[in-house]
Each structure stands twice: as C-alpha cells, then as structure tokens.
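Enquirer: Structure supplied as data.txt; contents: compact mmCIF, C-alpha atoms and all ligand atoms.
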```txt
# COMPACT_ATOMS: atom_id res chain seq x y z
CA MET A 5 -99.85 1.03 91.67
CA THR A 6 -99.61 -0.16 95.21
CA VAL A 7 -100.98 -3.12 97.14
CA PRO A 8 -104.45 -1.99 98.31
CA ALA A 9 -105.12 -2.12 102.05
CA ASP A 10 -107.84 -4.73 101.49
CA SER A 11 -105.70 -6.97 99.24
CA PRO A 12 -105.64 -10.61 100.35
CA ILE A 13 -101.83 -10.49 100.42
CA ALA A 14 -101.77 -7.59 102.90
CA ARG A 15 -103.14 -6.83 106.33
CA ASP A 16 -103.76 -3.08 106.74
CA GLY A 17 -101.40 -2.54 103.80
CA LYS A 18 -98.62 -4.62 105.35
CA SER A 19 -97.41 -8.06 104.33
CA ILE A 20 -95.46 -10.96 105.70
CA ILE A 21 -94.72 -13.16 102.72
CA LEU A 22 -93.22 -16.52 103.57
CA ALA A 23 -90.81 -17.46 100.77
CA HIS A 24 -90.02 -21.09 100.10
CA ASP A 25 -88.35 -21.34 96.71
CA HIS A 26 -84.99 -22.26 98.22
CA GLY A 27 -85.16 -25.87 97.08
CA LEU A 28 -84.71 -24.47 93.57
CA GLU A 29 -82.60 -21.38 94.30
CA HIS A 30 -80.20 -22.84 96.88
CA GLY A 31 -80.69 -26.61 96.63
CA PRO A 32 -81.15 -29.28 99.26
CA GLY A 33 -78.14 -27.98 101.25
CA ALA A 34 -80.46 -25.20 102.50
CA PHE A 35 -82.27 -27.87 104.55
CA ALA A 36 -79.21 -28.88 106.61
CA GLY A 37 -80.29 -29.33 110.23
CA VAL A 38 -83.98 -29.12 109.32
CA GLU A 39 -84.23 -32.11 107.00
CA ASP A 40 -87.87 -32.69 107.96
CA ARG A 41 -88.66 -29.49 106.00
CA LEU A 42 -87.70 -31.24 102.77
CA ASP A 43 -91.35 -32.26 103.00
CA PRO A 44 -93.06 -29.12 101.63
CA SER A 45 -96.20 -29.74 103.67
CA THR A 46 -94.23 -28.84 106.84
CA VAL A 47 -93.64 -25.34 105.41
CA PHE A 48 -97.17 -25.05 103.97
CA ASP A 49 -98.28 -25.65 107.58
CA MET A 50 -96.16 -22.66 108.69
CA ALA A 51 -97.82 -20.52 106.01
CA THR A 52 -101.20 -21.08 107.68
CA HIS A 53 -100.04 -18.88 110.60
CA ASP A 54 -102.24 -15.74 110.88
CA ALA A 55 -99.22 -13.47 110.43
CA VAL A 56 -98.48 -14.81 106.94
CA THR A 57 -100.32 -12.93 104.20
CA ALA A 58 -98.91 -14.93 101.26
CA PHE A 59 -96.78 -17.98 100.58
CA ALA A 60 -94.26 -17.71 97.71
CA VAL A 61 -93.53 -21.01 95.99
CA GLN A 62 -92.59 -22.40 92.61
CA LYS A 63 -94.98 -24.23 90.29
CA GLY A 64 -94.24 -27.79 91.41
CA LEU A 65 -94.93 -27.11 95.09
CA ALA A 66 -98.06 -25.16 94.15
CA GLU A 67 -99.34 -27.98 91.93
CA GLN A 68 -98.70 -30.73 94.43
CA TYR A 69 -99.52 -29.10 97.78
CA TYR A 70 -101.51 -25.89 97.34
CA PRO A 71 -104.81 -27.68 96.55
CA SER A 72 -104.83 -29.02 100.14
CA TYR A 73 -104.18 -25.55 101.58
CA ASP A 74 -106.09 -23.21 99.26
CA ASP A 75 -108.57 -22.15 101.93
CA GLN A 76 -105.82 -21.44 104.50
CA VAL A 77 -102.97 -19.95 102.47
CA ASN A 78 -102.71 -17.11 99.92
CA LEU A 79 -100.58 -18.27 97.02
CA LEU A 80 -97.88 -16.00 95.61
CA ALA A 81 -96.81 -17.72 92.42
CA LYS A 82 -93.05 -17.26 92.02
CA CYS A 83 -93.05 -17.43 88.24
CA ASN A 84 -89.34 -17.51 87.51
CA GLY A 85 -86.30 -19.00 89.17
CA SER A 86 -82.83 -20.42 88.73
CA SER A 87 -80.65 -22.93 90.49
CA SER A 88 -77.32 -22.34 92.18
CA LEU A 89 -75.83 -24.94 89.81
CA TRP A 90 -75.92 -22.35 87.02
CA MET A 91 -72.53 -20.62 86.76
CA GLY A 92 -73.30 -18.30 83.84
CA GLU A 93 -74.43 -14.67 83.89
CA PRO A 94 -77.27 -14.29 86.43
CA TYR A 95 -80.60 -14.85 84.69
CA SER A 96 -83.87 -16.13 86.06
CA PRO A 97 -86.02 -17.75 83.36
CA GLN A 98 -89.79 -17.96 83.56
CA THR A 99 -90.97 -21.27 84.99
CA TRP A 100 -94.76 -20.92 84.69
CA SER A 101 -97.18 -18.58 83.05
CA VAL A 102 -99.31 -15.99 84.80
CA GLU A 103 -102.35 -17.57 83.17
CA TYR A 104 -101.56 -20.99 84.63
CA ALA A 105 -100.83 -19.47 88.07
CA ALA A 106 -104.18 -17.63 87.94
CA GLU A 107 -105.96 -20.88 87.00
CA MET A 108 -104.36 -22.51 90.00
CA GLY A 109 -105.86 -19.80 92.21
CA ALA A 110 -102.81 -17.55 92.77
CA ASP A 111 -103.44 -14.35 94.72
CA ALA A 112 -100.27 -12.63 93.49
CA ILE A 113 -97.35 -13.06 91.13
CA GLY A 114 -93.67 -12.90 92.10
CA TYR A 115 -90.80 -12.34 89.67
CA THR A 116 -87.06 -11.84 90.12
CA VAL A 117 -85.03 -9.34 88.13
CA TYR A 118 -81.27 -8.88 88.34
CA PRO A 119 -80.65 -5.25 87.30
CA GLY A 120 -77.05 -4.57 86.32
CA THR A 121 -76.35 -7.95 84.74
CA ASN A 122 -75.76 -8.56 81.04
CA THR A 123 -79.19 -10.20 81.01
CA GLU A 124 -80.95 -7.06 82.27
CA PRO A 125 -82.51 -6.18 78.88
CA GLN A 126 -83.99 -9.67 78.58
CA MET A 127 -85.18 -9.70 82.20
CA PHE A 128 -86.86 -6.31 81.81
CA GLU A 129 -88.67 -7.59 78.70
CA ASP A 130 -89.68 -10.78 80.52
CA PHE A 131 -90.98 -8.70 83.44
CA GLN A 132 -92.93 -6.45 81.07
CA GLU A 133 -94.93 -9.41 79.74
CA VAL A 134 -95.52 -10.91 83.17
CA GLN A 135 -96.57 -7.57 84.67
CA GLU A 136 -99.07 -6.90 81.87
CA GLU A 137 -100.49 -10.42 82.05
CA ALA A 138 -100.88 -10.01 85.82
CA ARG A 139 -102.75 -6.74 85.25
CA GLU A 140 -105.13 -8.61 82.92
CA GLU A 141 -105.72 -11.24 85.62
CA GLY A 142 -106.12 -8.56 88.29
CA LEU A 143 -103.20 -9.92 90.34
CA PRO A 144 -100.64 -7.78 92.20
CA VAL A 145 -97.00 -8.24 91.20
CA ALA A 146 -94.07 -8.52 93.59
CA MET A 147 -90.64 -7.90 92.10
CA TRP A 148 -87.61 -9.52 93.74
CA SER A 149 -85.22 -6.69 92.75
CA TYR A 150 -81.67 -7.96 93.21
CA PRO A 151 -78.96 -5.85 91.52
CA ARG A 152 -76.02 -8.04 90.46
CA GLY A 153 -73.33 -8.06 87.79
CA GLN A 154 -69.91 -6.56 87.20
CA ALA A 155 -70.80 -2.98 88.15
CA ILE A 156 -72.26 -3.98 91.52
CA LYS A 157 -69.38 -4.34 93.94
CA GLU A 158 -71.50 -4.07 97.07
CA HIS A 159 -75.03 -5.47 96.84
CA ARG A 160 -76.36 -3.63 99.87
CA LYS A 161 -74.97 -0.14 99.20
CA PRO A 162 -77.69 2.45 99.99
CA GLU A 163 -77.74 3.76 96.43
CA THR A 164 -77.92 0.25 94.97
CA ILE A 165 -80.91 -0.64 97.13
CA ALA A 166 -82.67 2.69 96.44
CA TYR A 167 -82.06 2.04 92.72
CA ALA A 168 -83.50 -1.48 93.14
CA THR A 169 -86.75 -0.16 94.65
CA ARG A 170 -86.97 2.60 92.04
CA ILE A 171 -86.70 -0.01 89.29
CA GLY A 172 -89.68 -1.74 90.89
CA LEU A 173 -91.71 1.47 90.65
CA GLU A 174 -90.54 2.29 87.14
CA LEU A 175 -91.36 -1.17 85.76
CA GLY A 176 -94.79 -1.38 87.39
CA ALA A 177 -94.35 -3.63 90.43
CA ASP A 178 -96.93 -3.26 93.21
CA LEU A 179 -94.47 -4.52 95.74
CA VAL A 180 -90.68 -4.62 95.55
CA LYS A 181 -88.53 -6.88 97.65
CA VAL A 182 -84.96 -5.84 98.42
CA LYS A 183 -82.09 -6.86 100.65
CA TYR A 184 -81.57 -4.78 103.80
CA PRO A 185 -79.27 -1.82 103.03
CA ARG A 186 -77.76 -1.99 106.55
CA SER A 187 -79.31 1.13 108.11
CA GLY A 188 -82.69 2.72 108.75
CA GLU A 189 -81.61 5.85 106.89
CA ALA A 190 -80.73 3.86 103.76
CA MET A 191 -84.01 1.95 104.05
CA GLU A 192 -85.90 5.24 104.21
CA TRP A 193 -84.23 6.36 100.99
CA ALA A 194 -85.20 3.07 99.35
CA VAL A 195 -88.83 3.50 100.50
CA ASP A 196 -88.93 7.09 99.20
CA ALA A 197 -87.41 6.03 95.88
CA ALA A 198 -90.23 3.49 95.41
CA GLY A 199 -93.04 6.08 95.43
CA ASN A 200 -96.33 4.26 96.07
CA THR A 201 -94.83 0.81 95.41
CA ASN A 202 -94.70 -1.14 98.67
CA VAL A 203 -91.17 -2.05 99.78
CA VAL A 204 -90.63 -5.31 101.62
CA LEU A 205 -87.48 -6.54 103.23
CA SER A 206 -85.79 -9.75 102.16
CA GLY A 207 -85.06 -11.98 105.14
CA GLY A 208 -81.52 -13.17 104.38
CA SER A 209 -79.62 -16.00 106.02
CA LYS A 210 -80.68 -17.12 109.47
CA THR A 211 -79.58 -14.89 112.36
CA SER A 212 -80.49 -14.68 116.06
CA ASP A 213 -84.08 -13.83 117.01
CA TYR A 214 -83.06 -10.41 118.29
CA GLU A 215 -80.82 -9.47 115.36
CA PHE A 216 -83.48 -10.50 112.85
CA LEU A 217 -86.38 -8.79 114.62
CA SER A 218 -84.49 -5.57 115.28
CA THR A 219 -83.63 -5.34 111.56
CA VAL A 220 -87.33 -5.79 110.79
CA GLU A 221 -88.20 -3.14 113.40
CA THR A 222 -85.74 -0.65 111.85
CA ALA A 223 -87.07 -1.35 108.36
CA MET A 224 -90.68 -0.89 109.50
CA ASP A 225 -89.78 2.40 111.22
CA ALA A 226 -88.21 3.47 107.92
CA GLY A 227 -91.52 2.94 106.12
CA ALA A 228 -91.21 -0.64 104.82
CA SER A 229 -94.48 -2.50 104.23
CA GLY A 230 -93.33 -5.75 105.78
CA LEU A 231 -91.10 -8.53 104.62
CA ALA A 232 -90.73 -11.52 102.37
CA VAL A 233 -88.81 -13.98 104.45
CA GLY A 234 -87.65 -17.53 104.01
CA ARG A 235 -84.75 -18.99 105.95
CA ASN A 236 -85.25 -16.82 109.04
CA VAL A 237 -88.59 -18.54 109.49
CA TRP A 238 -88.59 -22.00 107.96
CA GLN A 239 -85.04 -22.92 109.05
CA ARG A 240 -85.87 -22.17 112.70
CA ASP A 241 -86.56 -24.85 115.27
CA ASP A 242 -89.63 -22.94 116.37
CA PRO A 243 -91.10 -21.12 113.34
CA THR A 244 -94.35 -20.39 115.20
CA ALA A 245 -92.53 -18.39 117.89
CA ILE A 246 -90.76 -16.17 115.36
CA LEU A 247 -93.99 -15.67 113.38
CA ASP A 248 -95.76 -14.68 116.62
CA ALA A 249 -93.03 -12.10 117.25
CA LEU A 250 -93.02 -10.87 113.64
CA GLU A 251 -96.76 -10.35 113.84
CA LYS A 252 -96.22 -7.96 116.75
CA VAL A 253 -93.38 -6.03 115.12
CA VAL A 254 -94.90 -5.75 111.62
CA TYR A 255 -98.62 -5.23 112.32
CA GLU A 256 -98.66 -3.90 115.89
CA GLY A 257 -95.54 -1.73 115.73
CA GLN A 258 -93.93 -3.34 118.80
CA SER A 259 -90.19 -3.23 119.36
CA ALA A 260 -88.12 -6.36 118.82
CA GLU A 261 -87.41 -6.45 122.55
CA ASP A 262 -91.09 -6.26 123.55
CA ALA A 263 -92.13 -8.78 120.93
CA LEU A 264 -89.61 -11.26 122.30
CA GLU A 265 -90.48 -10.66 125.94
CA GLU A 266 -94.16 -11.56 125.74
P1 LIG B 301 -84.51 -15.50 102.45
O1 LIG B 301 -85.40 -14.74 103.38
O2 LIG B 301 -84.23 -16.88 102.93
O3 LIG B 301 -83.27 -14.71 102.10
O4 LIG B 301 -85.36 -15.71 101.12
C1 LIG B 301 -85.63 -14.66 100.27
C2 LIG B 301 -85.20 -15.01 98.87
O5 LIG B 301 -85.46 -13.96 97.96
C3 LIG B 301 -85.84 -16.29 98.35
O6 LIG B 301 -87.08 -16.07 97.77
C4 LIG B 301 -84.79 -16.77 97.40
O7 LIG B 301 -84.78 -18.15 97.31
C5 LIG B 301 -83.52 -16.32 98.02
O8 LIG B 301 -83.81 -15.25 98.86
C6 LIG B 301 -82.52 -15.90 96.98
O9 LIG B 301 -81.40 -15.42 97.63
P2 LIG B 301 -80.05 -15.22 96.87
O10 LIG B 301 -80.40 -14.84 95.46
O11 LIG B 301 -79.39 -14.13 97.63
O12 LIG B 301 -79.34 -16.50 96.97
```
Written as structure tokens, how would this file's structure read?

Expert:
Amino acid sequence: MTVPADSPIARDGKSIILAHDHGLEHGPGAFAGVEDRLDPSTVFDMATHDAVTAFAVQKGLAEQYYPSYDDQVNLLAKCNGSSSLWMGEPYSPQTWSVEYAAEMGADAIGYTVYPGTNTEPQMFEDFQEVQEEAREEGLPVAMWSYPRGQAIKEHRKPETIAYATRIGLELGADLVKVKYPRSGEAMEWAVDAAGNTNVVLSGGSKTSDYEFLSTVETAMDAGASGLAVGRNVWQRDDPTAILDALEKVVYEGQSAEDALEE
C-alpha cells in the first residue's frame, strides 16, 4: 500500500513529518544550545506549522501534550524506541500498543526496524504484529528502516539504502524512512526499490540551511515523498524559517536556493 493523496499525514501525497523522539533515542544532550526545547510544548508549537503533516513522538509526550494540540497537529505514534544508554545488540522494543495509540487519536503509526542485526528476526515479528494491528485500525504505518549490525560497514551505501526501502515494501509499510544515501542516483534506486511505498528522507544531524535544503531538493528530484526530520528543524534557532523553506522545496518543487532567497 501507499499513503493516499488525501491522507491526513500527506499533502498531495507528500509529507513533512517532524520527529521528536530524541529525548529517548539520544538523551538530553541532544538539547545542548536549545535547552528551552526540553519543554515539549515548544516543539509541539513547531508542529502546528502548515508544512508539517505529522508529528512523531513517543507515548509520554503524546499523553501529556497531544490533548492540547489535537486539532492542530496530526499525531504519528512512534510505537517503539530505545535509549543510547543501551550498549547491547541494536533492538527497539515496543513502547505502546497500536490500540492505545488509536484511542489517543493517532493518525499514523511509526516503528523502527534494524535489518542486519542479530535481533532482526524478532524485530520483523514485532513489526508484523504492529502492521496488522494498524491495518485493523485503518492507520498508515511508517517504518524507520535503519540497517545496522556486523555486516553493515557503511550505513549509507546505495545498496544498503535500497535494501532498506525494499524491506519497507516487503513487510507492508506505507511509508519508509531512510538515511540519505549521499547521491540523487542512489536515492532514485531506493525509491524504485520501494515500489508504491512512499520513501521519506531522514533529516540527520544539523547542517547549514543550504546543505540541508539542497539534500532535500536532490531527494525530491529523485522521487522521494518528503522527509521525516528532527534535529534539522527543532535544534534550529529559527525553526519557522526552515519550515517555510522546506514547504517550498517539498510541496512547490522550488530549488534550495530559491526557497532561501524569498
Ligand atoms: P533526525 O532528523 O534528527 O535525524 O531524526 C530522525 C530520527 O529517525 C529520529 O526519529 C530518531 O530519534 C533519530 O533519527 C535516530 O537516529 P540514530 O538512530 O541515527 O541515532
């Protein structure tokens, strides 16, 4: 399946998902220099920007803050996660059920898998249950497809990223989120490998406005359906300005240069 053009988490089939699960995944160090953002309502406010089609958060943030934003923000329930304190084999356990997320008013489900790790069989089984429960609830599923483990020497190799998107298609994700494979050509391969599953770009660590937007532009030209971005938005001094520019690049097809000039 694919994300329908009229889905609440897409605009004309394209999405800008603001991701804010870093408090769990990376810890409070991710807030260095932007300590005010330790207050989740500051980032919920960013998610009300018109460009943002869904806001990806963990259960606790959804429980405590989403009720005040439910008419302004589409909730993408990130239903598993792990902390950077864990030093064992990569594994992302489920943190809330699809049923509970649906009760809370979620518009979509997000789930990480780490293909290539020793926990892959377990993660594929976990994803199977989540994907089927999401189908029952009528919610689209976004897979964070992040190949890791001993066999993966280079996370962004074109073949690794094309394999990551293909796994999304094979396991029934509507949308698959991958790291940028460093070129438009490689991104095109990843988009082709995903069939009708929408491919969205992961934002990565914060870079300059131009570097970030030109990567997004290249990915969009290669057929990506948008992005799921965290640090490159919420760590910025002026998140509204970058969301304004992203809106132009993702939905209006403008170049990074033009989007920054206006
Ligand atoms: P960024 O845009 O900040 O990279 O966020 C995307 C994301 O997938 C988050 O949802 C998640 O917290 C983080 O990246 C995980 O990154 P990694 O596993 O590489 O540490």

Enquirer: Considering all atoms listed in the file, state which residue in the set A:Val134, A:Val203, A:Val117, A:Val254 is at the smallest distance from Gly153 in chain A.

Expert: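 Residue with the minimum atom-to-atom distance to Gly153 in chain A: A:Val117.
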
Enquirer: Which of these residues is nearest to ligand LIG 301 (chain B), using only C-alpha atoms and all ligand atoms: A:Lys63, A:Lys161, A:His26, A:Arg240?

Expert: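 Closest residue, counting only C-alpha atoms and all ligand atoms: A:His26.
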
Enquirer: Can you find the residues with an atom no farther than 12 Å from (-97.2, -34.0, 100.3), counting all atoms listed in the file, and report them as a PyMOL selection string?

Expert: chain A and resi 41-49+64-73

Enquirer: Determine, for each residue of chain A having at least one atom at most 9 Å from an atom of ligand LIG 301 (chain B), the closest pair of atoms and their separation in Å to one decimal, counting all atoms listed in the file; order by chain and ascending number, as JSON lines.

Expert:
```
{"residue": "A:Leu22", "atom": "CA", "partner": "B:LIG301", "partner_atom": "O1", "distance": 8.0}
{"residue": "A:Ala23", "atom": "CA", "partner": "B:LIG301", "partner_atom": "O6", "distance": 5.0}
{"residue": "A:His24", "atom": "CA", "partner": "B:LIG301", "partner_atom": "O6", "distance": 6.3}
{"residue": "A:Asp25", "atom": "CA", "partner": "B:LIG301", "partner_atom": "O7", "distance": 4.8}
{"residue": "A:His26", "atom": "CA", "partner": "B:LIG301", "partner_atom": "O7", "distance": 4.2}
{"residue": "A:Gly27", "atom": "CA", "partner": "B:LIG301", "partner_atom": "O7", "distance": 7.7}
{"residue": "A:Leu28", "atom": "CA", "partner": "B:LIG301", "partner_atom": "O7", "distance": 7.3}
{"residue": "A:Glu29", "atom": "CA", "partner": "B:LIG301", "partner_atom": "O7", "distance": 4.9}
{"residue": "A:His30", "atom": "CA", "partner": "B:LIG301", "partner_atom": "O12", "distance": 6.4}
{"residue": "A:Ala60", "atom": "CA", "partner": "B:LIG301", "partner_atom": "O6", "distance": 7.4}
{"residue": "A:Val61", "atom": "CA", "partner": "B:LIG301", "partner_atom": "O6", "distance": 8.3}
{"residue": "A:Lys82", "atom": "CA", "partner": "B:LIG301", "partner_atom": "O6", "distance": 8.4}
{"residue": "A:Gly85", "atom": "CA", "partner": "B:LIG301", "partner_atom": "O7", "distance": 8.3}
{"residue": "A:Ser88", "atom": "CA", "partner": "B:LIG301", "partner_atom": "O12", "distance": 7.8}
{"residue": "A:Thr116", "atom": "CA", "partner": "B:LIG301", "partner_atom": "O5", "distance": 8.3}
{"residue": "A:Trp148", "atom": "CA", "partner": "B:LIG301", "partner_atom": "O5", "distance": 6.5}
{"residue": "A:Ser149", "atom": "CA", "partner": "B:LIG301", "partner_atom": "O5", "distance": 8.9}
{"residue": "A:Tyr150", "atom": "CA", "partner": "B:LIG301", "partner_atom": "O10", "distance": 7.3}
{"residue": "A:Lys181", "atom": "CA", "partner": "B:LIG301", "partner_atom": "O5", "distance": 7.7}
{"residue": "A:Val182", "atom": "CA", "partner": "B:LIG301", "partner_atom": "O5", "distance": 8.1}
{"residue": "A:Lys183", "atom": "CA", "partner": "B:LIG301", "partner_atom": "O3", "distance": 8.1}
{"residue": "A:Leu205", "atom": "CA", "partner": "B:LIG301", "partner_atom": "O1", "distance": 8.5}
{"residue": "A:Ser206", "atom": "CA", "partner": "B:LIG301", "partner_atom": "O1", "distance": 5.2}
{"residue": "A:Gly207", "atom": "CA", "partner": "B:LIG301", "partner_atom": "O1", "distance": 3.3}
{"residue": "A:Gly208", "atom": "CA", "partner": "B:LIG301", "partner_atom": "O3", "distance": 3.3}
{"residue": "A:Ser209", "atom": "CA", "partner": "B:LIG301", "partner_atom": "O3", "distance": 5.5}
{"residue": "A:Lys210", "atom": "CA", "partner": "B:LIG301", "partner_atom": "O2", "distance": 7.4}
{"residue": "A:Leu231", "atom": "CA", "partner": "B:LIG301", "partner_atom": "O1", "distance": 8.5}
{"residue": "A:Ala232", "atom": "CA", "partner": "B:LIG301", "partner_atom": "O1", "distance": 6.3}
{"residue": "A:Val233", "atom": "CA", "partner": "B:LIG301", "partner_atom": "O1", "distance": 3.7}
{"residue": "A:Gly234", "atom": "CA", "partner": "B:LIG301", "partner_atom": "O1", "distance": 3.6}
{"residue": "A:Arg235", "atom": "CA", "partner": "B:LIG301", "partner_atom": "O2", "distance": 3.7}
{"residue": "A:Asn236", "atom": "CA", "partner": "B:LIG301", "partner_atom": "O1", "distance": 6.0}
{"residue": "A:Val237", "atom": "CA", "partner": "B:LIG301", "partner_atom": "O1", "distance": 7.9}
{"residue": "A:Trp238", "atom": "CA", "partner": "B:LIG301", "partner_atom": "O2", "distance": 8.4}
{"residue": "A:Gln239", "atom": "CA", "partner": "B:LIG301", "partner_atom": "O2", "distance": 8.6}
```

Enquirer: Report, in Å to a single decimal, how far apart CA of Ala198 in chain A and CA of Pro162 in chain A are.

Expert: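 Distance between the two atoms: 13.4 Å.
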
Enquirer: Give me, please, the distance in Å between CA of Pro185 in chain A and CA of Pro119 in chain A, quoted to one decimal.

Expert: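 Atom-to-atom, CA of Pro185 in chain A and CA of Pro119 in chain A are spaced 16.2 Å apart.
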
Enquirer: May I have the residues at most 8 Å from (-93.5, -2.4, 85.3) in the file's coordinates, counting all atoms listed in the file, as a ChimeraX atom specification?

Expert: /A:131-132,135-136,172-177

Enquirer: Could you name the residues that touch Ala260 in chain A at 7 Å or less, counting only C-alpha atoms, but leaving out those on the same chain fewer than 6 positions away, as a PyMOL selection string?

Expert: chain A and resi 214+217-218+221+253

Enquirer: I'd like the interatomic distance between CA of Glu93 in chain A and CA of Thr121 in chain A, to a tenth of an Å.

Expert: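 That distance, rounded to one decimal, is 7.0 Å.
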
Enquirer: May I ask which of the residues A:Thr6, A:Thr123, A:Thr222, A:Thr164 is the closest one to Pro94 in chain A, counting only C-alpha atoms?

Expert: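 Ranked by minimum distance to Pro94 in chain A, first place goes to A:Thr123.
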
Enquirer: Using all atoms listed in the file, which of the listed residues (A:Tyr95, A:Tyr184, A:Phe59, A:Tyr104) sits closest to Gln126 in chain A?

Expert: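 That would be A:Tyr95, the residue with the smallest distance to Gln126 in chain A.
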
Enquirer: Taking 6 positions as the minimum chain separation for residues in the same chain, which residues sit within 10 Å of Asp248 in chain A when counting all atoms listed in the file? Answer as a ChimeraX atom specification.

Expert: /A:53-55,263-264,266

Enquirer: Can you list, as a PyMOL selection string, every protein, DNA or RNA residue that comes within 9 Å of Ala106 in chain A when you count all atoms listed in the file, leaving out same-chain residues fewer than 6 positions away?

Expert: chain A and resi 81+112-113+138+141+143

Enquirer: Calculated over all atoms listed in the file, which of the candidates A:Ile21, A:Leu89, A:Val102, A:Cys83 has the smallest distance to Val56 in chain A?

Expert: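 Of all the options, A:Ile21 lies closest to Val56 in chain A.
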
Enquirer: Under the rule that only C-alpha atoms are counted, which of A:Glu163, A:Asp241, A:Asp196, A:Glu137 is the nearest residue to Phe35 in chain A?

Expert: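 Of the candidates, the smallest distance to Phe35 in chain A is held by A:Asp241.
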
Enquirer: Could you list, as a list in words, every residue within 9 Å of Gly199 in chain A, counting all atoms listed in the file and ignoring same-chain residues fewer than 2 positions away?

Expert: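 That gives Thr169, Arg170, Leu173, Val195, Asp196, Ala197, Thr201 and Asn202 of chain A.
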
Enquirer: Got a sec: who's within 6 Å of Asp111 in chain A, counting only C-alpha atoms, leaving out chain neighbours fewer than 2 positions off, as a list in words?

Expert: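 What passes the distance filter is Asn78, Leu79 and Leu80 of chain A.
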